[in-house]
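Listing of input-v7.csv; format and content: CSV, C-alpha atoms.
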```csv
chain,number,residue,atom,x,y,z
U,1,MET,CA,-9.0,14.2,12.9
U,2,THR,CA,-10.3,10.8,13.8
U,3,ALA,CA,-8.7,7.7,12.3
U,4,ILE,CA,-10.8,5.7,9.8
U,5,PHE,CA,-10.3,1.9,9.6
U,6,GLY,CA,-11.2,-0.6,6.9
U,7,ARG,CA,-10.4,-3.9,5.5
U,8,LEU,CA,-8.9,-4.0,2.0
U,9,ALA,CA,-10.7,-7.2,1.1
U,10,GLU,CA,-14.1,-5.5,1.8
U,11,GLY,CA,-15.2,-3.0,-0.6
U,12,GLY,CA,-16.8,-2.5,-4.0
U,13,THR,CA,-17.1,-5.6,-6.2
U,14,ARG,CA,-18.9,-6.1,-9.4
U,15,PRO,CA,-19.6,-9.8,-9.3
U,16,ASP,CA,-21.5,-10.0,-12.5
U,17,GLU,CA,-18.7,-8.7,-14.6
U,18,GLY,CA,-15.1,-9.6,-15.3
U,19,GLY,CA,-12.7,-6.8,-15.3
U,20,GLU,CA,-11.6,-4.5,-12.5
U,21,THR,CA,-13.2,-2.5,-9.8
U,22,PHE,CA,-11.4,0.7,-8.7
U,23,GLN,CA,-12.0,2.6,-5.5
U,24,ASP,CA,-10.2,5.6,-4.1
U,25,LEU,CA,-9.4,5.2,-0.5
U,26,LEU,CA,-7.5,8.5,0.1
U,27,ALA,CA,-6.6,11.4,-2.2
U,28,GLY,CA,-5.0,14.7,-1.7
U,29,GLY,CA,-2.2,17.0,-2.9
U,30,GLY,CA,-2.1,15.2,-6.3
U,31,ALA,CA,-1.5,11.7,-4.7
U,32,ARG,CA,-4.1,9.0,-4.6
U,33,VAL,CA,-4.3,5.6,-2.8
U,34,GLU,CA,-6.5,3.2,-4.7
U,35,ARG,CA,-7.9,-0.2,-4.1
U,36,ILE,CA,-8.2,-2.4,-7.2
U,37,LEU,CA,-10.0,-5.7,-7.3
U,38,SER,CA,-9.4,-7.8,-10.4
U,39,ARG,CA,-11.5,-10.7,-11.2
U,40,GLY,CA,-9.8,-12.7,-13.8
U,41,ALA,CA,-9.1,-9.5,-15.6
U,42,ALA,CA,-6.9,-8.8,-18.7
U,43,SER,CA,-6.5,-5.5,-20.5
U,44,PRO,CA,-7.9,-5.7,-24.0
U,45,PRO,CA,-5.2,-6.5,-26.5
U,46,GLY,CA,-3.5,-3.3,-27.6
U,47,LEU,CA,-4.7,-1.4,-24.6
U,48,TRP,CA,-1.8,0.1,-22.5
U,49,TYR,CA,-1.9,1.9,-19.3
U,50,GLU,CA,0.4,4.9,-19.5
U,51,GLN,CA,0.3,7.8,-17.1
U,52,GLU,CA,2.2,11.0,-16.5
U,53,TRP,CA,3.0,10.1,-12.9
U,54,ASP,CA,4.9,7.3,-11.0
U,55,GLU,CA,2.8,4.5,-9.6
U,56,PHE,CA,3.5,2.1,-6.8
U,57,VAL,CA,1.4,-1.1,-6.8
U,58,LEU,CA,1.3,-3.8,-4.2
U,59,LEU,CA,-0.3,-7.1,-5.0
U,60,VAL,CA,-2.1,-7.9,-1.7
U,61,ALA,CA,-3.9,-11.2,-2.6
U,62,GLY,CA,-4.1,-13.4,-5.7
U,63,ALA,CA,-1.7,-13.3,-8.6
U,64,ALA,CA,-1.2,-11.4,-11.8
U,65,VAL,CA,1.0,-11.0,-14.8
U,66,LEU,CA,2.0,-7.5,-15.9
U,67,GLY,CA,3.0,-7.0,-19.5
U,68,PHE,CA,5.3,-4.4,-20.9
U,69,GLU,CA,5.8,-2.8,-24.3
U,70,ASP,CA,9.1,-4.6,-25.0
U,71,GLY,CA,7.2,-7.9,-24.7
U,72,THR,CA,8.4,-8.8,-21.3
U,73,GLU,CA,6.0,-10.1,-18.7
U,74,ARG,CA,6.3,-10.4,-15.0
U,75,ARG,CA,4.3,-12.6,-12.7
U,76,MET,CA,3.4,-11.1,-9.3
U,77,GLU,CA,2.1,-12.8,-6.2
U,78,ALA,CA,0.9,-11.6,-2.8
U,79,GLY,CA,3.5,-9.4,-1.2
U,80,ASP,CA,5.1,-8.4,-4.5
U,81,TYR,CA,5.3,-4.8,-5.5
U,82,ALA,CA,6.1,-2.9,-8.7
U,83,ILE,CA,7.2,0.7,-9.2
U,84,LEU,CA,5.9,1.9,-12.6
U,85,PRO,CA,7.6,5.1,-13.6
U,86,ALA,CA,5.7,7.8,-15.5
U,87,ARG,CA,5.2,6.9,-19.1
U,88,CYS,CA,6.1,3.2,-18.6
U,89,ARG,CA,3.5,1.5,-20.7
U,90,HIS,CA,2.0,-1.6,-19.1
U,91,ARG,CA,-0.9,-3.8,-19.2
U,92,VAL,CA,-2.5,-6.5,-17.1
U,93,ALA,CA,-1.9,-9.7,-19.1
U,94,TRP,CA,-3.7,-11.9,-16.6
U,95,THR,CA,-5.0,-12.0,-13.1
U,96,ASP,CA,-6.3,-14.7,-10.8
U,97,ARG,CA,-10.0,-14.8,-10.1
U,98,GLU,CA,-9.7,-12.7,-7.0
U,99,THR,CA,-6.8,-10.4,-7.1
U,100,LEU,CA,-6.5,-7.4,-4.8
U,101,TRP,CA,-4.1,-4.5,-5.4
U,102,LEU,CA,-3.2,-1.4,-3.5
U,103,ALA,CA,-2.1,1.3,-6.0
U,104,VAL,CA,-0.5,4.6,-5.0
U,105,HIS,CA,-0.5,7.2,-7.7
U,106,MET,CA,2.2,9.8,-7.0
U,107,PRO,CA,1.7,13.5,-7.7
U,108,PRO,CA,2.5,14.3,-11.4
U,109,GLY,CA,6.0,15.6,-11.7
W,1,MET,CA,11.2,4.2,-17.5
W,2,THR,CA,11.7,0.6,-16.7
W,3,ALA,CA,9.5,-1.0,-13.9
W,4,ILE,CA,11.2,-2.0,-10.7
W,5,PHE,CA,10.0,-5.1,-8.8
W,6,GLY,CA,10.4,-6.1,-5.3
W,7,ARG,CA,8.9,-8.2,-2.4
W,8,LEU,CA,7.7,-6.3,0.5
W,9,ALA,CA,8.8,-9.0,2.9
W,10,GLU,CA,12.4,-8.6,1.7
W,11,GLY,CA,14.2,-5.6,2.8
W,12,GLY,CA,16.0,-3.9,5.6
W,13,THR,CA,15.8,-5.6,9.0
W,14,ARG,CA,17.6,-5.0,12.2
W,15,PRO,CA,17.4,-8.4,13.8
W,16,ASP,CA,19.5,-7.5,16.8
W,17,GLU,CA,17.1,-4.7,17.9
W,18,GLY,CA,13.5,-4.4,18.8
W,19,GLY,CA,11.7,-1.5,17.3
W,20,GLU,CA,11.0,-0.6,13.8
W,21,THR,CA,12.8,-0.4,10.5
W,22,PHE,CA,11.8,2.2,8.0
W,23,GLN,CA,12.6,2.2,4.3
W,24,ASP,CA,11.4,4.5,1.6
W,25,LEU,CA,10.3,2.6,-1.5
W,26,LEU,CA,9.2,5.6,-3.6
W,27,ALA,CA,9.0,9.3,-3.0
W,28,GLY,CA,8.1,12.4,-5.1
W,29,GLY,CA,6.0,15.5,-5.2
W,30,GLY,CA,5.7,15.5,-1.4
W,31,ALA,CA,4.3,11.9,-1.2
W,32,ARG,CA,6.2,9.0,0.1
W,33,VAL,CA,5.6,5.2,0.1
W,34,GLU,CA,7.3,3.5,3.0
W,35,ARG,CA,7.9,0.0,4.2
W,36,ILE,CA,7.9,-0.5,7.9
W,37,LEU,CA,9.0,-3.6,9.7
W,38,SER,CA,8.0,-3.8,13.3
W,39,ARG,CA,9.5,-6.5,15.5
W,40,GLY,CA,7.5,-6.6,18.7
W,41,ALA,CA,7.6,-2.8,18.7
W,42,ALA,CA,5.8,-0.4,21.0
W,43,SER,CA,6.2,3.4,21.0
W,44,PRO,CA,7.8,4.5,24.3
W,45,PRO,CA,5.1,5.7,26.7
W,46,GLY,CA,4.2,9.3,26.1
W,47,LEU,CA,5.6,9.3,22.6
W,48,TRP,CA,3.0,10.2,20.0
W,49,TYR,CA,3.3,10.2,16.2
W,50,GLU,CA,1.8,13.4,14.9
W,51,GLN,CA,2.3,14.8,11.5
W,52,GLU,CA,1.1,17.6,9.3
W,53,TRP,CA,-0.1,15.3,6.5
W,54,ASP,CA,-2.5,12.5,6.0
W,55,GLU,CA,-1.2,9.0,6.3
W,56,PHE,CA,-2.6,5.7,4.9
W,57,VAL,CA,-1.2,2.6,6.5
W,58,LEU,CA,-1.9,-1.0,5.4
W,59,LEU,CA,-1.0,-3.9,7.7
W,60,VAL,CA,0.4,-6.4,5.3
W,61,ALA,CA,1.5,-9.2,7.7
W,62,GLY,CA,1.4,-9.7,11.5
W,63,ALA,CA,-0.8,-7.8,13.9
W,64,ALA,CA,-0.6,-4.6,15.8
W,65,VAL,CA,-2.5,-2.3,18.2
W,66,LEU,CA,-2.7,1.4,17.5
W,67,GLY,CA,-3.4,3.7,20.4
W,68,PHE,CA,-5.0,7.2,20.2
W,69,GLU,CA,-4.9,10.2,22.4
W,70,ASP,CA,-8.5,9.7,23.7
W,71,GLY,CA,-7.4,6.3,25.1
W,72,THR,CA,-9.0,4.2,22.5
W,73,GLU,CA,-7.0,1.3,20.9
W,74,ARG,CA,-7.6,-0.5,17.7
W,75,ARG,CA,-6.2,-3.9,16.8
W,76,MET,CA,-5.2,-4.4,13.2
W,77,GLU,CA,-4.5,-7.6,11.3
W,78,ALA,CA,-3.2,-8.4,7.9
W,79,GLY,CA,-5.4,-6.7,5.3
W,80,ASP,CA,-6.6,-4.0,7.6
W,81,TYR,CA,-5.9,-0.4,6.8
W,82,ALA,CA,-6.1,2.9,8.7
W,83,ILE,CA,-6.4,6.5,7.4
W,84,LEU,CA,-4.7,8.7,9.9
W,85,PRO,CA,-5.6,12.4,9.2
W,86,ALA,CA,-3.0,15.1,9.7
W,87,ARG,CA,-2.5,15.9,13.4
W,88,CYS,CA,-4.2,12.7,14.6
W,89,ARG,CA,-1.9,11.7,17.4
W,90,HIS,CA,-1.3,8.0,17.5
W,91,ARG,CA,1.1,5.5,18.8
W,92,VAL,CA,2.0,1.8,18.3
W,93,ALA,CA,0.8,0.2,21.5
W,94,TRP,CA,1.9,-3.3,20.4
W,95,THR,CA,3.0,-5.3,17.4
W,96,ASP,CA,3.5,-8.9,16.7
W,97,ARG,CA,7.1,-10.1,16.4
W,98,GLU,CA,7.1,-9.7,12.6
W,99,THR,CA,4.7,-7.1,11.5
W,100,LEU,CA,5.0,-5.5,8.0
W,101,TRP,CA,3.3,-2.3,7.1
W,102,LEU,CA,3.0,-0.3,4.0
W,103,ALA,CA,2.6,3.4,4.8
W,104,VAL,CA,1.7,6.2,2.3
W,105,HIS,CA,2.5,9.7,3.4
W,106,MET,CA,0.4,12.1,1.5
W,107,PRO,CA,1.7,15.5,0.5
W,108,PRO,CA,1.3,18.1,3.3
W,109,GLY,CA,-1.9,20.2,2.8
```
Mind converting the file's structure to structure tokens?
Amino acid sequence: MTAIFGRLAEGGTRPDEGGETFQDLLAGGGARVERILSRGAASPPGLWYEQEWDEFVLLVAGAAVLGFEDGTERRMEAGDYAILPARCRHRVAWTDRETLWLAVHMPPG
Amino acid sequence: MTAIFGRLAEGGTRPDEGGETFQDLLAGGGARVERILSRGAASPPGLWYEQEWDEFVLLVAGAAVLGFEDGTERRMEAGDYAILPARCRHRVAWTDRETLWLAVHMPPG
């Protein structure tokens, strides 16, 4: 019952690789709060994220471009958030060298 | 199935009052993502937040002090997060004039 504190900027990194580092901060009841660190990441061409639950994602630091199946892209900067409904196919088209996200995965419907 | 975008700094405010403004950004399956804007807020003495679910809270901008029932206090700045387990009584002892939080309420256990 004691509170736990942390700093989002401090956590797992994989400095020798590009790509993304994922870390669950809290999970329960089908929901999950996840820290994502992207280091100049881009999803491989043709790879789409698609999930059976709604996702909320806040860009905390850095910048990124999300891409969607209809060809649209959206640039996000610190303080921007996106709500990605279930089955909304998306990819990370680009991120800055140090991009920090907070993602919330909602319980599957 | 289309993504929705927003900026966390833009949203409901109540500039004529002190206190806090709460806004649900996404809810479902018992989980809830909430934007909280605190403007020099403090919980009234003796008022405790206590809930039957775990809460994750990220301080996005500004600064705040959380207080706990055992008398301890914890200062939080931008990028700090807290995990507040169910039934962990807490209060907002102080916030900066423009303090922005992202809170995630997990499904009740």
Inset, instruction - Up to 8 Å from chain W, what residues of chain U turn up? Count all atoms listed in the file and give them as a PyMOL selection string. - result: chain U and resi 1-9+26-31+33+56+60+79-88+104+106-109
Inset, instruction - Report the distance between atom CA of Ala93 of chain W and atom CA of Gly67 of chain W in Å, rounded to one decimal place. - result: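 Atom-to-atom, atom CA of Ala93 of chain W and atom CA of Gly67 of chain W are spaced 5.6 Å apart.
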Inset, instruction - State, in Å with one decimal place, the distance from atom CA of Arg35 of chain W to atom CA of Trp101 of chain W. - result: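 A separation of 5.9 Å between them.
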Legend entry - Of the listed residues U:Arg97, U:Gly11, U:Asp24, U:Gly62, that which approaches Ala41 of chain U most closely, counting all atoms listed in the file: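 Nearest candidate to Ala41 of chain U out of U:Arg97, U:Gly11, U:Asp24, U:Gly62: U:Arg97.
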Inset, instruction - Point out the residue among W:Gln23, W:Ala64, W:Arg91, W:Glu73 with the least atom-to-atom distance to Ser43 of chain W, counting only C-alpha atoms. - result: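 Smallest separation from Ser43 of chain W among the options: W:Arg91.
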Inset, instruction - Could you check how far atom CA of Trp94 of chain U sits from atom CA of Ala63 of chain U, in Å to one decimal? - result: 8.4 Å
